[in-house]
Structure formats: C-alpha cells, structure tokens
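Note: the block below is coords33.csv and it holds CSV, C-alpha atoms and all ligand atoms.
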chain,number,residue,atom,x,y,z
A,1,MET,CA,79.1,68.5,136.1
A,2,GLY,CA,76.3,65.9,136.0
A,3,LYS,CA,76.3,63.5,133.1
A,4,ASN,CA,73.9,64.1,130.2
A,5,THR,CA,70.5,62.7,130.7
A,6,GLN,CA,67.5,62.6,128.4
A,7,ALA,CA,66.0,65.4,130.5
A,8,ASP,CA,68.9,67.6,129.3
A,9,GLN,CA,67.5,67.5,125.8
A,10,VAL,CA,65.3,70.4,124.8
A,11,ILE,CA,62.6,69.4,122.3
A,12,SER,CA,61.5,72.4,120.3
A,13,TYR,CA,59.0,71.0,117.8
A,14,ILE,CA,55.6,69.5,118.6
A,15,TYR,CA,53.2,67.7,116.3
A,16,ILE,CA,49.7,66.9,117.6
A,17,HIS,CA,47.5,64.5,115.6
A,18,VAL,CA,43.8,65.2,116.0
A,19,PRO,CA,42.3,62.0,114.6
A,20,PHE,CA,38.7,63.0,113.9
A,21,CYS,CA,36.9,63.9,110.7
A,22,LEU,CA,33.3,64.6,109.8
A,23,LYS,CA,33.6,62.2,106.9
A,24,LYS,CA,36.5,60.3,105.3
A,25,CYS,CA,37.7,61.9,102.0
A,26,SER,CA,38.0,59.4,99.2
A,27,TYR,CA,41.8,59.8,98.8
A,28,CYS,CA,42.9,60.0,102.4
A,29,SER,CA,45.2,57.5,104.1
A,30,PHE,CA,45.7,59.5,107.3
A,31,PHE,CA,44.4,58.0,110.5
A,32,SER,CA,41.1,59.4,111.6
A,33,ILE,CA,37.7,58.3,112.9
A,34,GLU,CA,34.3,59.8,112.8
A,35,PHE,CA,34.0,62.9,115.1
A,36,SER,CA,31.9,62.9,118.2
A,37,LYS,CA,32.1,65.4,121.1
A,38,GLU,CA,32.5,62.6,123.7
A,39,ALA,CA,35.3,60.9,121.7
A,40,SER,CA,37.1,64.2,121.3
A,41,ASN,CA,36.9,65.0,125.1
A,42,ARG,CA,38.3,61.6,125.9
A,43,PHE,CA,41.1,62.1,123.3
A,44,VAL,CA,42.1,65.5,124.8
A,45,LYS,CA,42.2,64.0,128.3
A,46,TYR,CA,44.6,61.2,127.2
A,47,LEU,CA,46.6,63.5,124.9
A,48,LYS,CA,47.4,65.7,127.9
A,49,LYS,CA,48.5,62.7,129.8
A,50,GLU,CA,50.7,61.6,126.9
A,51,ILE,CA,52.3,65.1,126.8
A,52,ASN,CA,52.9,65.1,130.5
A,53,LEU,CA,54.6,61.6,130.4
A,54,PHE,CA,57.0,63.0,127.8
A,55,LYS,CA,57.6,66.1,129.9
A,56,GLN,CA,58.8,63.8,132.7
A,57,LYS,CA,61.5,62.5,130.3
A,58,TYR,CA,62.4,65.4,128.2
A,59,GLN,CA,62.5,69.2,128.4
A,60,VAL,CA,59.8,70.4,126.1
A,61,LYS,CA,60.0,74.0,125.1
A,62,PRO,CA,58.3,74.4,121.8
A,63,LYS,CA,59.3,76.9,119.1
A,64,THR,CA,56.4,75.5,117.0
A,65,ILE,CA,53.3,73.5,117.7
A,66,TYR,CA,51.4,72.0,114.8
A,67,PHE,CA,47.9,70.7,115.1
A,68,GLY,CA,47.4,68.3,112.2
A,69,GLY,CA,45.0,65.6,111.4
A,70,GLY,CA,42.4,64.5,110.9
A,71,THR,CA,40.5,67.8,111.3
A,72,PRO,CA,41.9,69.8,114.2
A,73,SER,CA,39.3,72.5,113.5
A,74,LEU,CA,36.7,70.1,115.1
A,75,LEU,CA,38.2,70.9,118.5
A,76,THR,CA,36.7,73.7,120.5
A,77,ALA,CA,38.8,76.7,121.4
A,78,GLY,CA,38.6,75.5,125.0
A,79,GLN,CA,40.1,72.1,124.0
A,80,ILE,CA,42.8,73.8,122.0
A,81,ASN,CA,43.6,76.1,124.9
A,82,SER,CA,43.8,73.3,127.4
A,83,ILE,CA,46.2,71.4,125.1
A,84,ILE,CA,48.4,74.4,124.5
A,85,SER,CA,48.5,75.2,128.2
A,86,GLN,CA,50.4,71.9,128.8
A,87,PHE,CA,53.5,73.6,127.2
A,88,ASP,CA,55.8,76.4,128.2
A,89,ILE,CA,55.1,78.7,125.2
A,90,SER,CA,57.2,81.6,126.3
A,91,LYS,CA,59.5,81.0,123.3
A,92,THR,CA,56.9,79.7,120.9
A,93,GLU,CA,56.9,81.4,117.5
A,94,GLU,CA,54.4,79.5,115.5
A,95,ILE,CA,51.3,77.5,116.4
A,96,THR,CA,49.5,76.1,113.4
A,97,LEU,CA,45.9,74.8,113.2
A,98,GLU,CA,44.9,72.7,110.2
A,99,CYS,CA,41.4,73.8,109.3
A,100,ASN,CA,38.6,72.4,107.1
A,101,PRO,CA,36.7,75.2,105.4
A,102,VAL,CA,33.4,73.7,106.5
A,103,ASN,CA,34.3,74.5,110.2
A,104,ILE,CA,35.1,78.2,109.5
A,105,ASN,CA,32.4,80.6,110.5
A,106,ASN,CA,32.4,83.8,112.5
A,107,LYS,CA,31.6,82.1,115.8
A,108,PHE,CA,34.3,79.5,115.4
A,109,VAL,CA,36.9,82.1,114.5
A,110,ASP,CA,35.8,84.5,117.3
A,111,ASN,CA,36.5,81.7,119.7
A,112,LEU,CA,39.7,80.7,118.0
A,113,LYS,CA,41.0,84.2,118.7
A,114,THR,CA,41.0,83.3,122.4
A,115,THR,CA,43.8,80.8,121.6
A,116,GLN,CA,47.5,81.3,120.7
A,117,ILE,CA,47.0,79.8,117.2
A,118,ASN,CA,48.8,82.2,114.9
A,119,ARG,CA,49.0,80.3,111.7
A,120,ILE,CA,46.2,78.6,109.7
A,121,SER,CA,46.6,75.8,107.2
A,122,MET,CA,43.4,75.4,105.3
A,123,GLY,CA,42.8,72.3,103.2
A,124,ILE,CA,41.0,73.7,100.2
A,125,GLN,CA,42.5,71.3,97.6
A,126,SER,CA,40.7,72.6,94.5
A,127,PHE,CA,38.4,75.4,93.3
A,128,GLN,CA,36.3,73.2,91.1
A,129,ASP,CA,33.2,71.5,92.5
A,130,LYS,CA,33.6,68.5,90.2
A,131,GLU,CA,37.1,67.8,91.7
A,132,LEU,CA,36.0,68.4,95.3
A,133,LYS,CA,33.3,65.9,94.7
A,134,VAL,CA,35.7,63.3,93.4
A,135,LEU,CA,37.9,63.9,96.4
A,136,GLY,CA,34.9,63.5,98.7
A,137,ARG,CA,35.5,66.9,100.3
A,138,LEU,CA,32.6,68.4,102.2
A,139,HIS,CA,33.1,72.0,101.0
A,140,LYS,CA,32.1,73.6,97.8
A,141,ALA,CA,34.4,75.9,95.8
A,142,ASP,CA,32.4,79.0,96.6
A,143,GLU,CA,32.7,78.4,100.4
A,144,ILE,CA,36.5,78.8,100.2
A,145,GLY,CA,36.5,82.5,99.6
A,146,ASN,CA,34.1,83.1,102.5
A,147,ALA,CA,36.1,81.0,105.0
A,148,TYR,CA,39.3,82.8,103.9
A,149,LYS,CA,37.7,86.2,104.3
A,150,ILE,CA,36.4,85.4,107.8
A,151,LEU,CA,40.0,84.4,108.8
A,152,ARG,CA,41.5,87.5,107.3
A,153,ASP,CA,38.8,89.7,108.9
A,154,HIS,CA,39.7,88.2,112.3
A,155,GLY,CA,43.4,89.3,111.7
A,156,TYR,CA,44.9,85.9,110.7
A,157,ASN,CA,47.9,87.1,108.6
A,158,ASN,CA,49.7,83.8,108.2
A,159,ILE,CA,47.5,81.5,106.1
A,160,SER,CA,48.6,78.5,104.2
A,161,LEU,CA,46.4,76.8,101.6
A,162,ASP,CA,46.7,73.2,100.3
A,163,LEU,CA,46.3,72.4,96.6
A,164,ILE,CA,46.1,68.9,95.1
A,165,TYR,CA,47.0,68.1,91.5
A,166,GLY,CA,47.2,64.9,89.5
A,167,LEU,CA,43.5,64.1,90.0
A,168,PRO,CA,41.7,61.5,87.8
A,169,ASN,CA,41.2,62.9,84.3
A,170,GLN,CA,42.5,66.3,85.4
A,171,THR,CA,43.6,68.6,82.6
A,172,ARG,CA,46.1,71.4,82.4
A,173,LYS,CA,43.1,73.8,82.3
A,174,ASP,CA,41.7,72.4,85.5
A,175,VAL,CA,45.0,73.0,87.3
A,176,GLU,CA,45.3,76.5,85.8
A,177,PHE,CA,41.8,77.3,87.0
A,178,SER,CA,42.5,76.5,90.6
A,179,LEU,CA,45.9,78.2,90.4
A,180,VAL,CA,44.3,81.5,89.2
A,181,GLU,CA,41.8,81.3,92.1
A,182,ILE,CA,44.4,80.5,94.8
A,183,ILE,CA,46.6,83.4,93.6
A,184,LYS,CA,43.6,85.8,93.8
A,185,LEU,CA,43.3,84.9,97.5
A,186,ASP,CA,46.9,85.9,98.0
A,187,PRO,CA,47.8,83.6,100.9
A,188,GLU,CA,51.2,83.7,102.6
A,189,HIS,CA,51.9,80.0,101.9
A,190,ILE,CA,50.8,77.3,99.5
A,191,SER,CA,51.4,73.5,100.0
A,192,THR,CA,51.0,71.4,96.9
A,193,TYR,CA,50.3,67.7,96.9
A,194,CYS,CA,50.5,65.3,94.0
A,195,LEU,CA,47.6,62.9,94.5
A,196,ASN,CA,48.9,59.5,95.5
A,197,LEU,CA,46.3,56.8,95.8
A,198,GLU,CA,47.1,54.1,98.3
A,199,LYS,CA,45.3,50.8,97.8
A,200,ASP,CA,43.2,51.2,100.9
A,201,VAL,CA,41.4,54.4,99.9
A,202,SER,CA,38.0,54.4,98.2
A,203,LEU,CA,39.2,56.5,95.2
A,204,PHE,CA,41.7,53.8,94.3
A,205,PHE,CA,39.4,52.4,91.7
A,206,LYS,CA,40.1,55.5,89.6
A,207,ILE,CA,43.9,54.8,89.6
A,208,ASP,CA,43.7,54.2,85.8
A,209,GLN,CA,42.3,57.7,85.3
A,210,ILE,CA,45.3,59.4,86.9
A,211,PRO,CA,47.1,61.5,84.3
A,212,THR,CA,50.4,60.2,82.9
A,213,ASP,CA,53.7,61.1,84.5
A,214,GLU,CA,54.4,63.5,81.7
A,215,LYS,CA,51.1,65.3,82.2
A,216,VAL,CA,51.6,65.4,86.0
A,217,ALA,CA,55.1,66.8,85.5
A,218,ASP,CA,53.7,69.5,83.3
A,219,PHE,CA,51.1,70.4,86.0
A,220,TYR,CA,53.9,70.6,88.6
A,221,ASN,CA,56.0,72.9,86.3
A,222,LEU,CA,52.9,75.0,85.6
A,223,ILE,CA,52.2,75.4,89.3
A,224,ARG,CA,55.9,76.2,90.0
A,225,LYS,CA,56.1,78.8,87.2
A,226,LYS,CA,52.9,80.6,88.1
A,227,LEU,CA,53.5,80.8,91.8
A,228,ILE,CA,57.1,82.0,91.4
A,229,SER,CA,56.0,84.6,88.9
A,230,THR,CA,53.4,85.8,91.5
A,231,GLY,CA,56.0,86.4,94.2
A,232,PHE,CA,56.2,83.0,96.0
A,233,ASP,CA,59.5,81.5,96.9
A,234,HIS,CA,59.6,77.8,96.0
A,235,TYR,CA,61.5,76.9,99.2
A,236,GLU,CA,60.8,73.2,99.3
A,237,ILE,CA,59.9,70.7,96.6
A,238,SER,CA,56.2,70.9,97.4
A,239,ASN,CA,56.0,74.2,99.3
A,240,PHE,CA,55.8,77.9,98.3
A,241,ALA,CA,55.9,80.9,100.6
A,242,LYS,CA,56.1,84.7,100.6
A,243,ILE,CA,59.4,85.7,102.1
A,244,GLY,CA,59.4,85.2,105.9
A,245,PHE,CA,56.3,82.9,105.8
A,246,GLU,CA,58.0,79.6,105.3
A,247,SER,CA,56.5,77.0,107.6
A,248,LYS,CA,58.8,77.0,110.7
A,249,HIS,CA,57.4,73.8,111.8
A,250,ASN,CA,57.8,71.8,108.6
A,251,LEU,CA,61.3,73.1,108.2
A,252,CYS,CA,62.1,71.1,111.4
A,253,TYR,CA,61.5,67.8,109.4
A,254,TRP,CA,63.8,68.8,106.6
A,255,ASN,CA,66.5,70.3,108.9
A,256,ASP,CA,66.9,67.0,110.9
A,257,GLU,CA,65.6,68.6,114.1
A,258,HIS,CA,64.1,66.5,116.8
A,259,TYR,CA,60.3,66.6,117.4
A,260,LEU,CA,57.6,64.9,119.4
A,261,GLY,CA,54.4,63.6,117.9
A,262,PHE,CA,51.4,63.2,120.2
A,263,GLY,CA,48.1,61.5,119.5
A,264,PRO,CA,47.2,58.2,117.8
A,265,SER,CA,49.4,57.5,114.7
A,266,ALA,CA,51.6,60.6,115.4
A,267,ALA,CA,55.3,60.1,114.7
A,268,GLY,CA,58.3,61.6,116.5
A,269,TYR,CA,62.1,61.7,116.3
A,270,ILE,CA,64.4,62.0,119.3
A,271,GLU,CA,68.1,61.3,119.4
A,272,ASN,CA,68.5,58.3,117.2
A,273,ILE,CA,64.9,57.0,117.6
A,274,ARG,CA,62.0,57.4,115.2
A,275,TYR,CA,58.8,56.3,116.8
A,276,SER,CA,55.2,56.2,115.8
A,277,ASN,CA,52.1,55.9,118.0
A,278,THR,CA,49.6,53.2,117.5
A,279,ALA,CA,46.8,54.0,115.0
A,280,ASN,CA,44.3,52.4,117.2
A,281,PHE,CA,42.3,54.3,119.8
A,282,SER,CA,41.8,51.6,122.4
A,283,GLU,CA,45.4,50.5,122.2
A,284,TYR,CA,46.5,54.2,122.6
A,285,TYR,CA,44.3,54.6,125.7
A,286,LYS,CA,45.5,51.3,127.1
A,287,MET,CA,49.1,52.2,126.8
A,288,LEU,CA,48.6,55.6,128.4
A,289,ASP,CA,46.6,53.9,131.2
A,290,LYS,CA,49.8,51.9,131.9
A,291,ASN,CA,51.9,55.1,131.6
A,292,LYS,CA,53.6,53.9,128.4
A,293,ILE,CA,54.6,56.0,125.5
A,294,MET,CA,56.3,55.5,122.0
A,295,LYS,CA,55.0,52.1,120.9
A,296,ASP,CA,56.9,51.4,117.6
A,297,LYS,CA,60.5,52.5,117.9
A,298,THR,CA,63.1,52.3,115.2
A,299,ILE,CA,66.7,52.9,116.1
A,300,LEU,CA,68.5,54.8,113.4
A,301,ASN,CA,72.1,53.7,112.9
A,302,LYS,CA,74.6,56.2,111.6
A,303,ASP,CA,74.0,55.1,108.0
A,304,ASP,CA,70.2,55.4,108.2
A,305,HIS,CA,70.6,58.8,109.8
A,306,GLU,CA,72.9,60.0,107.0
A,307,LYS,CA,70.6,58.8,104.3
A,308,GLU,CA,67.6,60.5,105.9
A,309,TYR,CA,69.6,63.7,106.3
A,310,ILE,CA,70.4,63.7,102.6
A,311,PHE,CA,67.0,63.1,101.2
A,312,LEU,CA,65.2,65.4,103.6
A,313,GLY,CA,67.8,68.2,103.2
A,314,LEU,CA,67.8,68.0,99.4
A,315,ARG,CA,64.0,68.7,99.5
A,316,LYS,CA,64.8,72.3,100.4
A,317,ALA,CA,65.7,74.7,97.7
A,318,SER,CA,68.6,75.8,99.9
A,319,GLY,CA,69.9,72.2,99.9
A,320,ILE,CA,72.4,70.7,102.2
A,321,ASP,CA,75.1,72.6,104.1
A,322,LEU,CA,78.2,70.6,103.4
A,323,LYS,CA,80.1,71.8,106.5
A,324,ASP,CA,77.2,70.8,108.7
A,325,PHE,CA,76.9,67.4,107.0
A,326,ASN,CA,80.7,66.7,107.2
A,327,ASN,CA,80.8,67.7,110.9
A,328,LYS,CA,77.7,65.6,111.8
A,329,PHE,CA,78.8,62.4,110.0
A,330,LYS,CA,82.6,62.8,110.1
A,331,ILE,CA,82.9,62.1,106.4
A,332,ASP,CA,83.4,64.2,103.3
A,333,PHE,CA,80.1,64.3,101.4
A,334,THR,CA,81.7,65.0,98.0
A,335,GLU,CA,84.2,62.2,98.4
A,336,LYS,CA,81.7,59.6,99.5
A,337,TYR,CA,79.0,60.5,97.0
A,338,ASP,CA,81.4,61.3,94.1
A,339,GLN,CA,79.7,58.8,91.8
A,340,VAL,CA,76.1,60.0,92.4
A,341,ILE,CA,77.2,63.6,92.0
A,342,HIS,CA,78.9,62.7,88.7
A,343,LYS,CA,75.9,60.7,87.5
A,344,PHE,CA,73.5,63.6,88.2
A,345,ASN,CA,75.9,66.3,87.3
A,346,ASN,CA,73.3,68.2,85.2
A,347,LEU,CA,70.6,68.0,87.9
A,348,LEU,CA,72.6,69.0,91.0
A,349,GLU,CA,74.2,72.3,91.9
A,350,ILE,CA,77.3,72.0,94.0
A,351,ASN,CA,79.8,74.5,95.3
A,352,ASP,CA,82.2,74.4,98.3
A,353,LYS,CA,79.4,75.3,100.7
A,354,THR,CA,76.2,73.5,99.6
A,355,ILE,CA,74.7,70.9,97.4
A,356,LYS,CA,71.2,71.3,96.0
A,357,LEU,CA,68.8,70.0,93.4
A,358,LYS,CA,68.4,72.1,90.3
A,359,PRO,CA,64.7,73.0,89.9
A,360,GLU,CA,64.4,70.8,86.9
A,361,ALA,CA,65.2,67.8,89.2
A,362,TYR,CA,62.5,68.5,91.7
A,363,PHE,CA,59.8,66.4,90.0
A,364,ILE,CA,62.1,63.4,89.7
A,365,SER,CA,63.7,63.9,93.1
A,366,ASN,CA,62.9,60.5,94.4
A,367,GLU,CA,64.9,58.9,91.6
A,368,ILE,CA,67.9,61.0,92.6
A,369,PHE,CA,67.4,60.3,96.3
A,370,SER,CA,67.3,56.6,95.7
A,371,GLU,CA,70.8,56.7,94.3
A,372,PHE,CA,72.1,58.2,97.5
A,373,MET,CA,70.5,55.3,99.4
A,401,LIG,S1,41.8,64.6,103.9
A,401,LIG,FE1,41.7,65.7,105.8
A,401,LIG,S2,39.5,66.0,106.1
A,401,LIG,FE2,39.7,64.4,104.5
A,401,LIG,S3,39.6,62.5,105.6
A,401,LIG,FE3,41.8,63.0,105.4
A,401,LIG,S4,42.3,64.1,107.3
A,401,LIG,FE4,40.0,64.1,107.1
Could I get this structure in the form of structure tokens?
Ligand code: SF4
Amino acid sequence: MGKNTQADQVISYIYIHVPFCLKKCSYCSFFSIEFSKEASNRFVKYLKKEINLFKQKYQVKPKTIYFGGGTPSLLTAGQINSIISQFDISKTEEITLECNPVNINNKFVDNLKTTQINRISMGIQSFQDKELKVLGRLHKADEIGNAYKILRDHGYNNISLDLIYGLPNQTRKDVEFSLVEIIKLDPEHISTYCLNLEKDVSLFFKIDQIPTDEKVADFYNLIRKKLISTGFDHYEISNFAKIGFESKHNLCYWNDEHYLGFGPSAAGYIENIRYSNTANFSEYYKMLDKNKIMKDKTILNKDDHEKEYIFLGLRKASGIDLKDFNNKFKIDFTEKYDQVIHKFNNLLEINDKTIKLKPEAYFISNEIFSEFM
C-alpha cells in the first residue's frame, strides 16, 4: 500500500468566481471589475490553467460546480462549456450559474441549453423599482417575470432567487410586497440576505437609514413565516427550498466538506488549509504564469476547525450530528460546551443525536455562535 498523498484526496465541490459586472451595485463588496470581452477571454484562459494546476495535485471529481461572481451570466455558452470541460463531470449532480436578469433573453438561454448548467440562481433582490434603484441594480422589477419565464420555457426546473431585506428606510409593507411577488413566481429555492453595508461600498452613506434591529428581525420573521406557509423548508438560516431542491453546493460549506475555489478572490478549503486567491487581476495572472496557486493560506488548527464546524453546522436547521462531531474531534460536545448549552437552554434544541438552534434563535445566531468561540 502506498502512503497517502494529496493526490489521493478527491475534491467534490468547485466554486468558480467570475469577476466581471456591467456596473458595480451600490451595496456590493464582492470582487469584480467592469466586463469586457477581451478581459473575459483572458480570464477564462488563466482560469483553465489554474484548474489544471490543481488537478496535478488533487483528484478533482465534482459533485457540484458553482459559477458565482461577479456576473457569470456575462460569459458565453462557449466559455462556460470550455470551463466545465476541464472537469470529469460523470458524477456531477448540480452545476449552478448565477445570473443577472439583464442578461436573460431567448438567445442567451438558447445558448445556455448547450451547456451542462442545470441550476440557475438569479439575483433579483427586490420587486420594487425604488429599491432596485437604491441598490444600483440594472434591472427593473417588471423585467424579472420575463427573465424567469424565459428560463422556465427553456426547461430550467431548478431556479433559486435572491431577495435582500433591511434596505434603507424599508418598511414591513415593502418586504411584504416583494415576498408576495416572489411567491407568485414559485421558484424551487429562495436565498435571503440581510443588507450589510461595508465601509467601502457607495451606499454606505445611507447606513443611518437602515431599519433598527427590531424592525429587521420583524422582516426576517415575516419572510420566514410566509415562505414556510407557502411550502418552503427553511433548511438553513438564510435559505429556503422546496423539498429536494436544497442547494447541494452550498450545503458543502455548512457540512465541513472540502472545496476548491478558482478565479481571483475565490476561496477554498482543503485538508486543514483555508486559502483565498488574490483579488487583483495582474497578481492572479503573474502567479499563474509562475505556475503558483493558493496565495493566502491559513492553516486551521484543531481548535479553529472545531469552532468552524460548530458555527457552520448550526446554520442548518438539521443542526450538528453529535456522533459525527465527537468522532471527528475526539471530544464529547455536550461535556465540553455544557456551559453554553446551559446559558442558551431556551434557544437550543438538544437530544442524544443532534444539537440545533430553535427557529427563534436564528436571527440572533451570531450571538450564540460567539459563545462557542
Ligand atoms: S451585486 Fe452582483 S451584479 Fe452587483 S456588483 Fe455585486 S456581483 Fe456585480
């Protein structure tokens, strides 16, 4: 028997960061630059090189591939195909493309059908033009239904829509309005985001107009109640899905699975290493010219790993499997965290198999997670 090498590891989850947008939205901190055809061609060429450098080190056999961004729907079907063709997709179950509604038209989706993309995540964010304008989005509310219909007409039956809440001066009525509209579309999955303005975004000057924590908590509970009553399963703190349509890719993050991230600013997790790529195009290209990968690496010690496992696992409605935790970390969860469990007794649900947050704890989950840290 040969000794274990890195190449023995099979990596099943792939994230690809497509760092181009037509225009920067006012609230966005993700890394992206203005799109051009030339820049995207160069990016795809280097991305493929990066993928192949990893393939020399690791066995890569994706169960899921996730094209995030940025705006992956700015890529052509030819570019998407050429990226996917770098992988052995014989066991791939889910390939997601994040789409901007402004890119969705019959021609684009006709071409998309020539790719293996089988899940669409569309960033619609709101159904009110006044909110879309504040967010700096390029689409108008009435374009959403049309884009959605085109995707459905082309047979896409696994669609996720993003919704943002907690916008400057937003009211309960505003949230309710978008909720009613999103439910009418009847997608398979909905991701919700509480607006979080970093200092470097152009909307930061409206930070004083963000609704109070009490109001935002009320919005969150409204969203949760409405979506559950319409048949969605609230399977993760911010995510809702019809049964069987949970995001297989995103579950890898919460399930402590290893994944590779490709493209500028993408992050990955292998063995006990978390790495992130440079958020700088010329540096990214220079590194790949020198056949280098994984610029910023953080080695997780056992303690770091344990904390991450807890706060990511508790994000899932199903919580943490205690047997799995105890086997992995060779300690007894309930003994070690006895005090925290006791302190949050009314917000945690624990039995001999699992520990999970009670739904009323979801909105203040960070407070609870910090006690485990
Ligand atoms: S929110 Fe999406 S479309 Fe807008 S700038 Fe950020 S990545 Fe680009």
Exercise for the section: Using all atoms listed in the file, find the one residue out of A:Tyr275, A:Phe43, A:Tyr193, A:Tyr58 that sits nearest to ligand LIG 401 (chain A). Expected result: A:Tyr193
Handout entry: Contacts of ligand LIG 401 (chain A), 8 Å or closer, only C-alpha atoms and all ligand atoms, given as a PyMOL selection string
Key = chain A and resi 19-32+69-71+100+123+136-137
Practice task
Show which residues sit within 10 Å of Asn291 in chain A, as a VMD selection string. Count all atoms listed in the file, and ignore same-chain residues fewer than 5 positions away.
Solution key: chain A and resid 49 to 50 53 285 to 286
Take the point (52.0, 59.2, 96.1) in the file's coordinates, draw a sphere of radius 12 Å around it, and report as a compact mmCIF listing (two decimals) with C-alpha atoms, in the coordinates of the input every protein, DNA or RNA residue with an atom inside or on it, counting all atoms listed in the file.
# COMPACT_ATOMS: atom_id res chain seq x y z
CA TYR A 27 41.80 59.80 98.80
CA CYS A 28 42.90 60.00 102.40
CA SER A 29 45.20 57.50 104.10
CA ILE A 164 46.10 68.90 95.10
CA TYR A 165 47.00 68.10 91.50
CA GLY A 166 47.20 64.90 89.50
CA LEU A 167 43.50 64.10 90.00
CA TYR A 193 50.30 67.70 96.90
CA CYS A 194 50.50 65.30 94.00
CA LEU A 195 47.60 62.90 94.50
CA ASN A 196 48.90 59.50 95.50
CA LEU A 197 46.30 56.80 95.80
CA GLU A 198 47.10 54.10 98.30
CA LYS A 199 45.30 50.80 97.80
CA PHE A 204 41.70 53.80 94.30
CA ILE A 207 43.90 54.80 89.60
CA ILE A 210 45.30 59.40 86.90
CA ASP A 213 53.70 61.10 84.50
CA VAL A 216 51.60 65.40 86.00
CA ASN A 366 62.90 60.50 94.40
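Nearest-residue note for Val10 in chain A: choosing from A:Asn81, A:Asn52, A:Gln59, A:Asn158, the minimum distance belongs to A:Gln59, counting all atoms listed in the file.
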Within 12 Å of file point (74.8, 58.6, 89.5), counting only C-alpha atoms, expressed as a compact mmCIF listing (two decimals) with C-alpha atoms, in the frame of the given file:
# COMPACT_ATOMS: atom_id res chain seq x y z
CA TYR A 337 79.00 60.50 97.00
CA ASP A 338 81.40 61.30 94.10
CA GLN A 339 79.70 58.80 91.80
CA VAL A 340 76.10 60.00 92.40
CA ILE A 341 77.20 63.60 92.00
CA HIS A 342 78.90 62.70 88.70
CA LYS A 343 75.90 60.70 87.50
CA PHE A 344 73.50 63.60 88.20
CA ASN A 345 75.90 66.30 87.30
CA ASN A 346 73.30 68.20 85.20
CA LEU A 347 70.60 68.00 87.90
CA LEU A 348 72.60 69.00 91.00
CA GLU A 367 64.90 58.90 91.60
CA ILE A 368 67.90 61.00 92.60
CA PHE A 369 67.40 60.30 96.30
CA SER A 370 67.30 56.60 95.70
CA GLU A 371 70.80 56.70 94.30
CA PHE A 372 72.10 58.20 97.50
CA MET A 373 70.50 55.30 99.40
Handout entry: For Ile223 in chain A, the nearest of the candidates A:Lys248, A:Arg315, A:Lys173, A:Arg274, counting all atoms listed in the file
Key = A:Lys173
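With distances taken over all atoms listed in the file, A:Pro168 is the one residue among A:Gly319, A:Gln128, A:Pro168, A:Leu227 lying closest to Thr212 in chain A.
In this comparison, which uses only C-alpha atoms, the residue of A:Lys48, A:His234, A:Ile14, A:Lys133 approaching Cys252 in chain A most closely is A:Ile14.
Note that CA of Asp218 in chain A and CA of Pro359 in chain A are 13.3 Å apart.
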Spatial neighbours of Leu322 in chain A, 7 Å, only C-alpha atoms, chain gap at least 2 places, as a PDB file with C-alpha atoms, keeping the file's coordinate frame:
ATOM      1  CA  ILE A 320      72.400  70.700 102.200  1.00  0.00           C
ATOM      2  CA  ASP A 324      77.200  70.800 108.700  1.00  0.00           C
ATOM      3  CA  PHE A 325      76.900  67.400 107.000  1.00  0.00           C
ATOM      4  CA  ASN A 326      80.700  66.700 107.200  1.00  0.00           C
ATOM      5  CA  PHE A 333      80.100  64.300 101.400  1.00  0.00           C
ATOM      6  CA  LYS A 353      79.400  75.300 100.700  1.00  0.00           C
ATOM      7  CA  THR A 354      76.200  73.500  99.600  1.00  0.00           C
ATOM      8  CA  ILE A 355      74.700  70.900  97.400  1.00  0.00           C
TER       9      ILE A 355
END
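Put simply, CA of Lys328 in chain A is 18.9 Å away from CA of Asn351 in chain A.
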Please, could N, CA, C and O atoms be added to range 67-79 of chain A and the result written as a CSV table (one decimal), in the coordinates of the input?
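This is the output file out.csv:
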chain,number,residue,atom,x,y,z
A,67,PHE,N,49.0,71.6,115.0
A,67,PHE,CA,47.9,70.7,115.1
A,67,PHE,C,47.5,70.2,113.7
A,67,PHE,O,47.0,71.0,112.9
A,68,GLY,N,47.8,68.9,113.5
A,68,GLY,CA,47.4,68.3,112.2
A,68,GLY,C,46.4,67.2,112.3
A,68,GLY,O,46.0,66.9,113.4
A,69,GLY,N,46.0,66.6,111.2
A,69,GLY,CA,45.0,65.6,111.4
A,69,GLY,C,44.8,64.7,110.2
A,69,GLY,O,45.7,64.6,109.3
A,70,GLY,N,43.6,64.2,110.1
A,70,GLY,CA,42.4,64.5,110.9
A,70,GLY,C,42.0,66.0,110.6
A,70,GLY,O,42.4,66.6,109.7
A,71,THR,N,41.1,66.4,111.5
A,71,THR,CA,40.5,67.8,111.3
A,71,THR,C,40.6,68.5,112.7
A,71,THR,O,39.7,68.4,113.5
A,72,PRO,N,41.7,69.1,112.9
A,72,PRO,CA,41.9,69.8,114.2
A,72,PRO,C,40.8,70.9,114.4
A,72,PRO,O,40.6,71.3,115.6
A,73,SER,N,40.3,71.5,113.3
A,73,SER,CA,39.3,72.5,113.5
A,73,SER,C,37.9,72.0,114.1
A,73,SER,O,37.0,72.7,114.3
A,74,LEU,N,37.9,70.7,114.3
A,74,LEU,CA,36.7,70.1,115.1
A,74,LEU,C,36.9,70.3,116.6
A,74,LEU,O,35.9,70.1,117.3
A,75,LEU,N,38.1,70.6,117.0
A,75,LEU,CA,38.2,70.9,118.5
A,75,LEU,C,37.6,72.3,118.8
A,75,LEU,O,37.6,73.2,118.0
A,76,THR,N,37.2,72.4,120.0
A,76,THR,CA,36.7,73.7,120.5
A,76,THR,C,37.9,74.5,120.9
A,76,THR,O,39.0,74.0,121.2
A,77,ALA,N,37.7,75.9,121.0
A,77,ALA,CA,38.8,76.7,121.4
A,77,ALA,C,39.2,76.3,122.8
A,77,ALA,O,40.4,76.4,123.2
A,78,GLY,N,38.3,75.9,123.6
A,78,GLY,CA,38.6,75.5,125.0
A,78,GLY,C,39.5,74.3,125.0
A,78,GLY,O,40.5,74.2,125.8
A,79,GLN,N,39.2,73.3,124.1
A,79,GLN,CA,40.1,72.1,124.0
A,79,GLN,C,41.5,72.5,123.5
A,79,GLN,O,42.5,72.1,124.1
